[in-house]
$ cat start09.cif   # mmCIF, C-alpha atoms
data_input
#
loop_
_atom_site.label_atom_id
_atom_site.label_comp_id
_atom_site.auth_asym_id
_atom_site.auth_seq_id
_atom_site.Cartn_x
_atom_site.Cartn_y
_atom_site.Cartn_z
CA MET G 1 6.68 -3.42 -32.28
CA SER G 2 3.51 -4.36 -30.38
CA ALA G 3 1.35 -1.85 -28.55
CA LEU G 4 1.55 -1.61 -24.78
CA PRO G 5 -1.29 -3.36 -22.92
CA TYR G 6 -1.99 -0.15 -20.96
CA ASP G 7 -2.43 3.58 -21.61
CA SER G 8 1.07 5.09 -21.50
CA ALA G 9 -0.29 8.66 -21.21
CA ARG G 10 -2.27 7.62 -18.14
CA LEU G 11 0.88 6.03 -16.72
CA GLN G 12 2.70 9.36 -17.07
CA GLU G 13 -0.13 11.15 -15.20
CA LEU G 14 -0.08 8.60 -12.40
CA ALA G 15 3.72 8.73 -12.19
CA GLN G 16 3.57 12.49 -11.60
CA GLU G 17 0.89 12.03 -8.92
CA ILE G 18 2.88 9.31 -7.16
CA ILE G 19 6.07 11.37 -7.26
CA ALA G 20 4.39 14.47 -5.80
CA ASN G 21 2.58 12.58 -3.04
CA VAL G 22 5.52 10.38 -2.09
CA ARG G 23 7.86 13.37 -1.93
CA GLU G 24 5.57 14.84 0.73
CA LEU G 25 5.58 11.56 2.70
CA SER G 26 9.36 11.38 2.40
CA GLN G 27 9.76 14.90 3.77
CA ALA G 28 7.63 13.86 6.75
CA GLY G 29 10.08 11.00 7.44
CA TRP G 30 7.65 8.21 6.57
CA THR G 31 9.74 6.70 3.77
CA PRO G 32 13.39 6.56 4.80
CA ALA G 33 15.75 6.08 1.85
CA THR G 34 14.67 3.17 -0.38
CA SER G 35 12.03 1.80 1.99
CA SER G 36 8.32 1.87 1.26
CA ASN G 37 6.37 1.46 -1.96
CA PHE G 38 3.41 3.19 -3.49
CA SER G 39 0.98 2.41 -6.26
CA GLU G 40 -2.08 3.68 -8.10
CA ARG G 41 -4.59 1.73 -10.16
CA LEU G 42 -3.83 2.24 -13.84
CA ASP G 43 -6.78 0.29 -15.24
CA GLU G 44 -8.80 -2.87 -14.55
CA ARG G 45 -5.71 -5.11 -14.93
CA HIS G 46 -2.67 -2.93 -14.11
CA ALA G 47 -1.18 -0.69 -11.45
CA ALA G 48 1.61 1.88 -11.56
CA ILE G 49 4.06 1.19 -8.71
CA THR G 50 7.40 2.45 -7.48
CA VAL G 51 10.44 0.50 -8.64
CA SER G 52 12.34 -1.43 -5.97
CA GLY G 53 15.49 0.09 -4.49
CA ARG G 54 14.82 3.75 -5.30
CA ASP G 55 15.05 6.63 -2.83
CA LYS G 56 11.40 7.65 -2.48
CA GLY G 57 12.30 11.29 -1.85
CA ARG G 58 14.03 11.50 -5.24
CA LEU G 59 11.69 9.64 -7.56
CA THR G 60 11.53 10.37 -11.27
CA VAL G 61 9.08 9.14 -13.90
CA ASP G 62 11.54 6.33 -14.70
CA ASP G 63 11.13 5.07 -11.12
CA ILE G 64 7.48 4.17 -11.70
CA MET G 65 6.69 0.89 -13.47
CA VAL G 66 3.59 -1.09 -14.45
CA VAL G 67 2.61 -4.42 -12.89
CA ASP G 68 -0.32 -6.68 -13.58
CA PHE G 69 -2.56 -7.84 -10.76
CA ASP G 70 -0.44 -10.97 -10.37
CA GLY G 71 2.38 -8.63 -9.29
CA GLN G 72 4.45 -9.16 -12.44
CA GLY G 73 6.21 -6.35 -14.29
CA VAL G 74 4.68 -5.43 -17.66
CA ALA G 75 6.81 -4.26 -20.60
CA THR G 76 9.76 -3.41 -18.34
CA GLN G 77 13.06 -4.75 -17.09
CA HIS G 78 12.59 -3.00 -13.72
CA ARG G 79 11.97 -5.06 -10.60
CA PRO G 80 8.89 -4.26 -8.51
CA SER G 81 9.03 -4.15 -4.74
CA ALA G 82 8.86 -7.41 -2.82
CA GLU G 83 5.52 -6.20 -1.39
CA THR G 84 3.91 -5.66 -4.82
CA LEU G 85 1.59 -8.63 -4.33
CA LEU G 86 0.16 -6.92 -1.23
CA HIS G 87 -0.86 -4.01 -3.45
CA THR G 88 -2.22 -5.98 -6.39
CA GLN G 89 -4.30 -8.32 -4.22
CA LEU G 90 -6.22 -5.27 -3.03
CA TYR G 91 -6.77 -3.91 -6.55
CA ARG G 92 -8.02 -7.31 -7.69
CA ARG G 93 -10.33 -7.70 -4.71
CA TYR G 94 -11.73 -4.15 -4.58
CA PRO G 95 -12.29 -2.36 -7.92
CA GLN G 96 -12.97 0.90 -6.07
CA ILE G 97 -9.45 1.09 -4.58
CA GLY G 98 -7.40 3.72 -6.38
CA CYS G 99 -4.12 3.67 -4.44
CA VAL G 100 -2.11 1.64 -1.94
CA LEU G 101 0.56 3.10 0.33
CA HIS G 102 3.21 1.17 2.22
CA THR G 103 5.23 3.38 4.57
CA HIS G 104 7.95 2.84 7.15
CA SER G 105 7.48 5.73 9.55
CA PRO G 106 9.29 5.32 12.87
CA VAL G 107 6.01 5.65 14.80
CA GLN G 108 4.24 2.94 12.78
CA THR G 109 7.22 0.62 12.95
CA ILE G 110 7.61 1.01 16.71
CA ALA G 111 3.85 0.63 17.24
CA SER G 112 3.90 -2.59 15.21
CA ARG G 113 6.57 -3.99 17.53
CA LEU G 114 4.73 -2.90 20.67
CA TYR G 115 1.41 -4.43 19.61
CA ALA G 116 2.60 -7.50 17.68
CA GLY G 117 1.83 -9.76 20.62
CA ALA G 118 -1.79 -8.58 20.75
CA GLY G 119 -2.11 -8.95 16.97
CA HIS G 120 -3.74 -5.53 16.63
CA ILE G 121 -3.77 -1.92 17.78
CA ARG G 122 -7.13 -0.73 19.09
CA LEU G 123 -8.05 2.83 18.16
CA GLU G 124 -10.95 4.27 20.12
CA GLY G 125 -12.10 7.66 21.27
CA TYR G 126 -10.34 9.56 18.48
CA GLU G 127 -12.38 12.22 16.68
CA LEU G 128 -10.81 11.28 13.35
CA LEU G 129 -12.29 7.79 13.46
CA LYS G 130 -15.32 9.41 11.82
CA ALA G 131 -13.20 9.81 8.68
CA PHE G 132 -13.39 6.07 8.03
CA GLN G 133 -16.41 4.96 6.00
CA GLY G 134 -19.10 3.46 8.19
CA ASN G 135 -18.01 5.26 11.36
CA THR G 136 -20.26 8.04 12.58
CA THR G 137 -18.82 8.94 15.97
CA HIS G 138 -15.56 9.23 17.84
CA ASP G 139 -16.91 6.45 20.07
CA ASP G 140 -16.36 3.90 17.27
CA THR G 141 -13.50 1.43 17.61
CA ILE G 142 -11.10 0.26 14.92
CA ASP G 143 -8.65 -2.59 15.36
CA VAL G 144 -5.64 -2.23 13.07
CA PRO G 145 -4.22 -5.73 12.54
CA VAL G 146 -0.53 -6.42 13.08
CA PHE G 147 0.69 -9.31 10.93
CA ALA G 148 3.90 -11.23 11.60
CA ASN G 149 6.73 -10.16 9.33
CA THR G 150 7.71 -12.66 6.67
CA GLN G 151 9.62 -12.62 3.42
CA ASP G 152 7.00 -14.93 1.94
CA MET G 153 4.59 -12.45 0.34
CA HIS G 154 2.25 -15.21 -0.85
CA THR G 155 1.75 -16.33 2.75
CA LEU G 156 1.26 -12.77 3.99
CA ALA G 157 -1.16 -12.00 1.12
CA ALA G 158 -3.15 -15.12 2.03
CA GLN G 159 -3.31 -14.03 5.69
CA VAL G 160 -4.51 -10.57 4.65
CA ASP G 161 -7.11 -12.11 2.32
CA ALA G 162 -8.38 -14.37 5.10
CA LEU G 163 -8.89 -11.39 7.39
CA LEU G 164 -10.51 -9.34 4.60
CA ASP G 165 -12.99 -12.22 4.18
CA GLN G 166 -14.05 -11.63 7.79
CA LYS G 167 -14.16 -7.83 8.07
CA SER G 168 -13.51 -4.50 6.41
CA LEU G 169 -10.08 -2.96 6.86
CA TRP G 170 -8.51 0.36 5.97
CA GLY G 171 -4.97 -0.78 6.59
CA TYR G 172 -2.70 -3.06 8.57
CA LEU G 173 0.75 -3.16 10.10
CA ILE G 174 3.52 -5.67 9.54
CA ASP G 175 5.56 -6.35 12.66
CA GLY G 176 8.77 -4.32 12.63
CA HIS G 177 8.14 -3.31 9.07
CA GLY G 178 5.50 -0.68 8.36
CA LEU G 179 1.94 0.22 7.43
CA ASP G 180 -0.13 -0.72 4.38
CA ALA G 181 -3.18 1.49 3.77
CA TRP G 182 -5.46 2.09 0.80
CA GLY G 183 -8.20 4.29 -0.49
#

$ encode --input "start09.cif" --output "structure tokens"
Amino acid sequence: MSALPYDSARLQELAQEIIANVRELSQAGWTPATSSNFSERLDERHAAITVSGRDKGRLTVDDIMVVDFDGQGVATQHRPSAETLLHTQLYRRYPQIGCVLHTHSPVQTIASRLYAGAGHIRLEGYELLKAFQGNTTHDDTIDVPVFANTQDMHTLAAQVDALLDQKSLWGYLIDGHGLDAWG
């Protein structure tokens, strides 16, 4: 039997963190049923991510799997979420990113529909804008992109990469779908 290409003890730690944090998001109504997906960087080549099709309010350690940064499952028969590539592209691009969250809150989903035509939601005048790195005042402005929804994750990942080449982002919306954010 060959050794796993990642630290299994670290995976167990991350699984517990993901479960605890996602349970809180589920209780807030941000992850209805089996929607959403969440990941944490495991090491320089792998991420721990929620398994597709699982109720996020009832996750167990067995509902967290490992993927490589190409979005492929590692040493598992579980299937990762369709949006896995959107997580792993960020880990590959930014070594400092430790987690990626993809939620489906009603507010985010409705906002994505309302602002899809503009291609972004402009946030300005909010005191909490200072929480984002590089912002020093509530007078700063952040445009949260709204991407068209597609089932082609390679196309969507390429669109996200193209925008990341132009400017810093803290997250984005997918029209009628939800929010991706990282930190």

$ closest_atom_pairs --input "start09.cif" --of "stretch 74-120 of chain G" --to "stretch 140-155 of chain G" --cutoff "10 Å" --atoms "all atoms listed in the file" --output "JSON lines"
{"residue": "G:Ala82", "atom": "CA", "partner": "G:Met153", "partner_atom": "CA", "distance": 7.3}
{"residue": "G:Glu83", "atom": "CA", "partner": "G:Met153", "partner_atom": "CA", "distance": 6.6}
{"residue": "G:Thr84", "atom": "CA", "partner": "G:Met153", "partner_atom": "CA", "distance": 8.6}
{"residue": "G:Leu85", "atom": "CA", "partner": "G:Met153", "partner_atom": "CA", "distance": 6.7}
{"residue": "G:Leu86", "atom": "CA", "partner": "G:Met153", "partner_atom": "CA", "distance": 7.3}
{"residue": "G:Ala111", "atom": "CA", "partner": "G:Val146", "partner_atom": "CA", "distance": 9.3}
{"residue": "G:Ser112", "atom": "CA", "partner": "G:Val146", "partner_atom": "CA", "distance": 6.2}
{"residue": "G:Arg113", "atom": "CA", "partner": "G:Val146", "partner_atom": "CA", "distance": 8.7}
{"residue": "G:Leu114", "atom": "CA", "partner": "G:Val146", "partner_atom": "CA", "distance": 9.9}
{"residue": "G:Tyr115", "atom": "CA", "partner": "G:Val146", "partner_atom": "CA", "distance": 7.1}
{"residue": "G:Ala116", "atom": "CA", "partner": "G:Val146", "partner_atom": "CA", "distance": 5.7}
{"residue": "G:Gly117", "atom": "CA", "partner": "G:Val146", "partner_atom": "CA", "distance": 8.6}
{"residue": "G:Ala118", "atom": "CA", "partner": "G:Val146", "partner_atom": "CA", "distance": 8.1}
{"residue": "G:Gly119", "atom": "CA", "partner": "G:Val146", "partner_atom": "CA", "distance": 4.9}
{"residue": "G:His120", "atom": "CA", "partner": "G:Pro145", "partner_atom": "CA", "distance": 4.1}

$ closest_residue --input "start09.cif" --among "G:Ala9, G:Lys56, G:Gln159, G:Ile18" --to "G:His104" --atoms "all atoms listed in the file"
G:Lys56

$ residues_around --input "start09.cif" --residues "G:Arg45" --least-positions-apart "3" --cutoff "8 Å" --atoms "all atoms listed in the file" --output "ChimeraX atom specification"
/G:42,68-69,92

$ write_last_selection --input "start09.cif" --atoms "C-alpha atoms" --output "compact mmCIF listing (two decimals), keeping the file's coordinate frame"
# COMPACT_ATOMS: atom_id res chain seq x y z
CA LEU G 42 -3.83 2.24 -13.84
CA ASP G 68 -0.32 -6.68 -13.58
CA PHE G 69 -2.56 -7.84 -10.76
CA ARG G 92 -8.02 -7.31 -7.69

$ atom_distance --input "start09.cif" --atom1 "atom CA of G:Pro95" --atom2 "atom CA of G:Lys167"
17.0 Å

$ residues_around --input "start09.cif" --residues "stretch 126-134 of chain G" --least-positions-apart "3" --cutoff "12 Å" --atoms "all atoms listed in the file" --output "number ranges by chain"
G: 122-123, 137-143, 168-171, 181-183

$ closest_residue --input "start09.cif" --among "G:Gln108, G:Ser39, G:Gln166, G:Gln16" --to "G:Ser81" --atoms "all atoms listed in the file"
G:Ser39

$ atom_distance --input "start09.cif" --atom1 "atom CA of G:Gly57" --atom2 "atom CA of G:Gly29"
9.6 Å

$ resolve_selection --input "start09.cif" --expression "the PyMOL selection byres ((chain G and resi 21) around 12)" --output "CSV table (one decimal) with C-alpha atoms, in the coordinates of the input"
chain,number,residue,atom,x,y,z
G,14,LEU,CA,-0.1,8.6,-12.4
G,15,ALA,CA,3.7,8.7,-12.2
G,16,GLN,CA,3.6,12.5,-11.6
G,17,GLU,CA,0.9,12.0,-8.9
G,18,ILE,CA,2.9,9.3,-7.2
G,19,ILE,CA,6.1,11.4,-7.3
G,20,ALA,CA,4.4,14.5,-5.8
G,22,VAL,CA,5.5,10.4,-2.1
G,23,ARG,CA,7.9,13.4,-1.9
G,24,GLU,CA,5.6,14.8,0.7
G,25,LEU,CA,5.6,11.6,2.7
G,26,SER,CA,9.4,11.4,2.4
G,27,GLN,CA,9.8,14.9,3.8
G,28,ALA,CA,7.6,13.9,6.8
G,30,TRP,CA,7.6,8.2,6.6
G,31,THR,CA,9.7,6.7,3.8
G,37,ASN,CA,6.4,1.5,-2.0
G,38,PHE,CA,3.4,3.2,-3.5
G,39,SER,CA,1.0,2.4,-6.3
G,40,GLU,CA,-2.1,3.7,-8.1
G,56,LYS,CA,11.4,7.6,-2.5
G,57,GLY,CA,12.3,11.3,-1.8
G,58,ARG,CA,14.0,11.5,-5.2
G,59,LEU,CA,11.7,9.6,-7.6
G,99,CYS,CA,-4.1,3.7,-4.4
G,100,VAL,CA,-2.1,1.6,-1.9
G,101,LEU,CA,0.6,3.1,0.3

$ atom_distance --input "start09.cif" --atom1 "atom CA of G:Asp161" --atom2 "atom CA of G:Arg93"
8.9 Å

$ closest_residue --input "start09.cif" --among "G:Ser105, G:Val51, G:Gln96, G:Leu164" --to "G:Leu179" --atoms "all atoms listed in the file"
G:Ser105

$ axis_aligned_box --input "start09.cif" --around "stretch 156-159 of chain G" --padding-each-side "6 Å" --output "lines of an AutoDock Vina configuration file"
center_x = -1.0
center_y = -13.6
center_z = 3.4
size_x = 16.6
size_y = 15.1
size_z = 16.6

$ build_atoms --input "start09.cif" --residues "stretch 145-170 of chain G" --atoms "N, CA, C and O atoms" --output "PDB file, keeping the file's coordinate frame"
ATOM      1  N   PRO G 145      -4.947  -4.480  12.370  1.00  0.00           N
ATOM      2  CA  PRO G 145      -4.220  -5.730  12.540  1.00  0.00           C
ATOM      3  C   PRO G 145      -2.701  -5.532  12.452  1.00  0.00           C
ATOM      4  O   PRO G 145      -2.226  -4.646  11.746  1.00  0.00           O
ATOM      5  N   VAL G 146      -1.984  -6.362  13.189  1.00  0.00           N
ATOM      6  CA  VAL G 146      -0.530  -6.420  13.080  1.00  0.00           C
ATOM      7  C   VAL G 146      -0.182  -7.850  12.680  1.00  0.00           C
ATOM      8  O   VAL G 146      -0.384  -8.793  13.447  1.00  0.00           O
ATOM      9  N   PHE G 147       0.306  -7.998  11.448  1.00  0.00           N
ATOM     10  CA  PHE G 147       0.690  -9.310  10.930  1.00  0.00           C
ATOM     11  C   PHE G 147       2.159  -9.580  11.227  1.00  0.00           C
ATOM     12  O   PHE G 147       2.978  -8.654  11.246  1.00  0.00           O
ATOM     13  N   ALA G 148       2.497 -10.847  11.426  1.00  0.00           N
ATOM     14  CA  ALA G 148       3.900 -11.230  11.600  1.00  0.00           C
ATOM     15  C   ALA G 148       4.663 -10.928  10.326  1.00  0.00           C
ATOM     16  O   ALA G 148       4.150 -11.084   9.214  1.00  0.00           O
ATOM     17  N   ASN G 149       5.889 -10.467  10.486  1.00  0.00           N
ATOM     18  CA  ASN G 149       6.730 -10.160   9.330  1.00  0.00           C
ATOM     19  C   ASN G 149       7.232 -11.465   8.719  1.00  0.00           C
ATOM     20  O   ASN G 149       7.603 -12.400   9.421  1.00  0.00           O
ATOM     21  N   THR G 150       7.193 -11.510   7.407  1.00  0.00           N
ATOM     22  CA  THR G 150       7.710 -12.660   6.670  1.00  0.00           C
ATOM     23  C   THR G 150       8.210 -12.189   5.326  1.00  0.00           C
ATOM     24  O   THR G 150       7.744 -11.174   4.809  1.00  0.00           O
ATOM     25  N   GLN G 151       9.153 -12.908   4.770  1.00  0.00           N
ATOM     26  CA  GLN G 151       9.620 -12.620   3.420  1.00  0.00           C
ATOM     27  C   GLN G 151       8.782 -13.340   2.377  1.00  0.00           C
ATOM     28  O   GLN G 151       8.940 -13.117   1.184  1.00  0.00           O
ATOM     29  N   ASP G 152       7.875 -14.177   2.835  1.00  0.00           N
ATOM     30  CA  ASP G 152       7.000 -14.930   1.940  1.00  0.00           C
ATOM     31  C   ASP G 152       5.727 -14.126   1.697  1.00  0.00           C
ATOM     32  O   ASP G 152       4.768 -14.197   2.471  1.00  0.00           O
ATOM     33  N   MET G 153       5.727 -13.338   0.622  1.00  0.00           N
ATOM     34  CA  MET G 153       4.590 -12.450   0.340  1.00  0.00           C
ATOM     35  C   MET G 153       3.327 -13.216  -0.009  1.00  0.00           C
ATOM     36  O   MET G 153       2.228 -12.731   0.248  1.00  0.00           O
ATOM     37  N   HIS G 154       3.445 -14.409  -0.556  1.00  0.00           N
ATOM     38  CA  HIS G 154       2.250 -15.210  -0.850  1.00  0.00           C
ATOM     39  C   HIS G 154       1.547 -15.616   0.444  1.00  0.00           C
ATOM     40  O   HIS G 154       0.319 -15.574   0.535  1.00  0.00           O
ATOM     41  N   THR G 155       2.324 -15.977   1.457  1.00  0.00           N
ATOM     42  CA  THR G 155       1.750 -16.330   2.750  1.00  0.00           C
ATOM     43  C   THR G 155       1.102 -15.103   3.394  1.00  0.00           C
ATOM     44  O   THR G 155      -0.037 -15.172   3.875  1.00  0.00           O
ATOM     45  N   LEU G 156       1.809 -13.984   3.388  1.00  0.00           N
ATOM     46  CA  LEU G 156       1.260 -12.770   3.990  1.00  0.00           C
ATOM     47  C   LEU G 156       0.003 -12.322   3.240  1.00  0.00           C
ATOM     48  O   LEU G 156      -0.999 -11.960   3.867  1.00  0.00           O
ATOM     49  N   ALA G 157       0.028 -12.369   1.908  1.00  0.00           N
ATOM     50  CA  ALA G 157      -1.160 -12.000   1.120  1.00  0.00           C
ATOM     51  C   ALA G 157      -2.337 -12.907   1.468  1.00  0.00           C
ATOM     52  O   ALA G 157      -3.478 -12.442   1.584  1.00  0.00           O
ATOM     53  N   ALA G 158      -2.081 -14.189   1.668  1.00  0.00           N
ATOM     54  CA  ALA G 158      -3.150 -15.120   2.030  1.00  0.00           C
ATOM     55  C   ALA G 158      -3.712 -14.787   3.419  1.00  0.00           C
ATOM     56  O   ALA G 158      -4.929 -14.859   3.643  1.00  0.00           O
ATOM     57  N   GLN G 159      -2.843 -14.406   4.357  1.00  0.00           N
ATOM     58  CA  GLN G 159      -3.310 -14.030   5.690  1.00  0.00           C
ATOM     59  C   GLN G 159      -4.162 -12.760   5.632  1.00  0.00           C
ATOM     60  O   GLN G 159      -5.197 -12.667   6.296  1.00  0.00           O
ATOM     61  N   VAL G 160      -3.732 -11.803   4.819  1.00  0.00           N
ATOM     62  CA  VAL G 160      -4.510 -10.570   4.650  1.00  0.00           C
ATOM     63  C   VAL G 160      -5.857 -10.899   4.024  1.00  0.00           C
ATOM     64  O   VAL G 160      -6.902 -10.433   4.491  1.00  0.00           O
ATOM     65  N   ASP G 161      -5.854 -11.721   2.964  1.00  0.00           N
ATOM     66  CA  ASP G 161      -7.110 -12.110   2.320  1.00  0.00           C
ATOM     67  C   ASP G 161      -8.069 -12.783   3.296  1.00  0.00           C
ATOM     68  O   ASP G 161      -9.271 -12.506   3.298  1.00  0.00           O
ATOM     69  N   ALA G 162      -7.537 -13.665   4.133  1.00  0.00           N
ATOM     70  CA  ALA G 162      -8.380 -14.370   5.100  1.00  0.00           C
ATOM     71  C   ALA G 162      -9.043 -13.382   6.061  1.00  0.00           C
ATOM     72  O   ALA G 162     -10.226 -13.519   6.385  1.00  0.00           O
ATOM     73  N   LEU G 163      -8.309 -12.374   6.499  1.00  0.00           N
ATOM     74  CA  LEU G 163      -8.890 -11.390   7.390  1.00  0.00           C
ATOM     75  C   LEU G 163      -9.883 -10.497   6.647  1.00  0.00           C
ATOM     76  O   LEU G 163     -10.940 -10.155   7.188  1.00  0.00           O
ATOM     77  N   LEU G 164      -9.586 -10.148   5.403  1.00  0.00           N
ATOM     78  CA  LEU G 164     -10.510  -9.340   4.600  1.00  0.00           C
ATOM     79  C   LEU G 164     -11.819 -10.093   4.330  1.00  0.00           C
ATOM     80  O   LEU G 164     -12.866  -9.466   4.146  1.00  0.00           O
ATOM     81  N   ASP G 165     -11.769 -11.424   4.316  1.00  0.00           N
ATOM     82  CA  ASP G 165     -12.990 -12.220   4.180  1.00  0.00           C
ATOM     83  C   ASP G 165     -13.897 -12.069   5.392  1.00  0.00           C
ATOM     84  O   ASP G 165     -15.103 -12.252   5.299  1.00  0.00           O
ATOM     85  N   GLN G 166     -13.302 -11.730   6.538  1.00  0.00           N
ATOM     86  CA  GLN G 166     -14.050 -11.630   7.790  1.00  0.00           C
ATOM     87  C   GLN G 166     -14.545 -10.228   8.099  1.00  0.00           C
ATOM     88  O   GLN G 166     -15.582 -10.062   8.719  1.00  0.00           O
ATOM     89  N   LYS G 167     -13.773  -9.197   7.705  1.00  0.00           N
ATOM     90  CA  LYS G 167     -14.160  -7.830   8.070  1.00  0.00           C
ATOM     91  C   LYS G 167     -13.512  -6.809   7.150  1.00  0.00           C
ATOM     92  O   LYS G 167     -12.538  -7.100   6.460  1.00  0.00           O
ATOM     93  N   SER G 168     -14.059  -5.612   7.183  1.00  0.00           N
ATOM     94  CA  SER G 168     -13.510  -4.500   6.410  1.00  0.00           C
ATOM     95  C   SER G 168     -12.277  -3.948   7.120  1.00  0.00           C
ATOM     96  O   SER G 168     -12.249  -3.855   8.349  1.00  0.00           O
ATOM     97  N   LEU G 169     -11.296  -3.577   6.332  1.00  0.00           N
ATOM     98  CA  LEU G 169     -10.080  -2.960   6.860  1.00  0.00           C
ATOM     99  C   LEU G 169      -9.764  -1.714   6.055  1.00  0.00           C
ATOM    100  O   LEU G 169     -10.174  -1.591   4.904  1.00  0.00           O
ATOM    101  N   TRP G 170      -9.022  -0.817   6.667  1.00  0.00           N
ATOM    102  CA  TRP G 170      -8.510   0.360   5.970  1.00  0.00           C
ATOM    103  C   TRP G 170      -6.996   0.313   5.902  1.00  0.00           C
ATOM    104  O   TRP G 170      -6.376   1.157   5.289  1.00  0.00           O
TER     105      TRP G 170
END
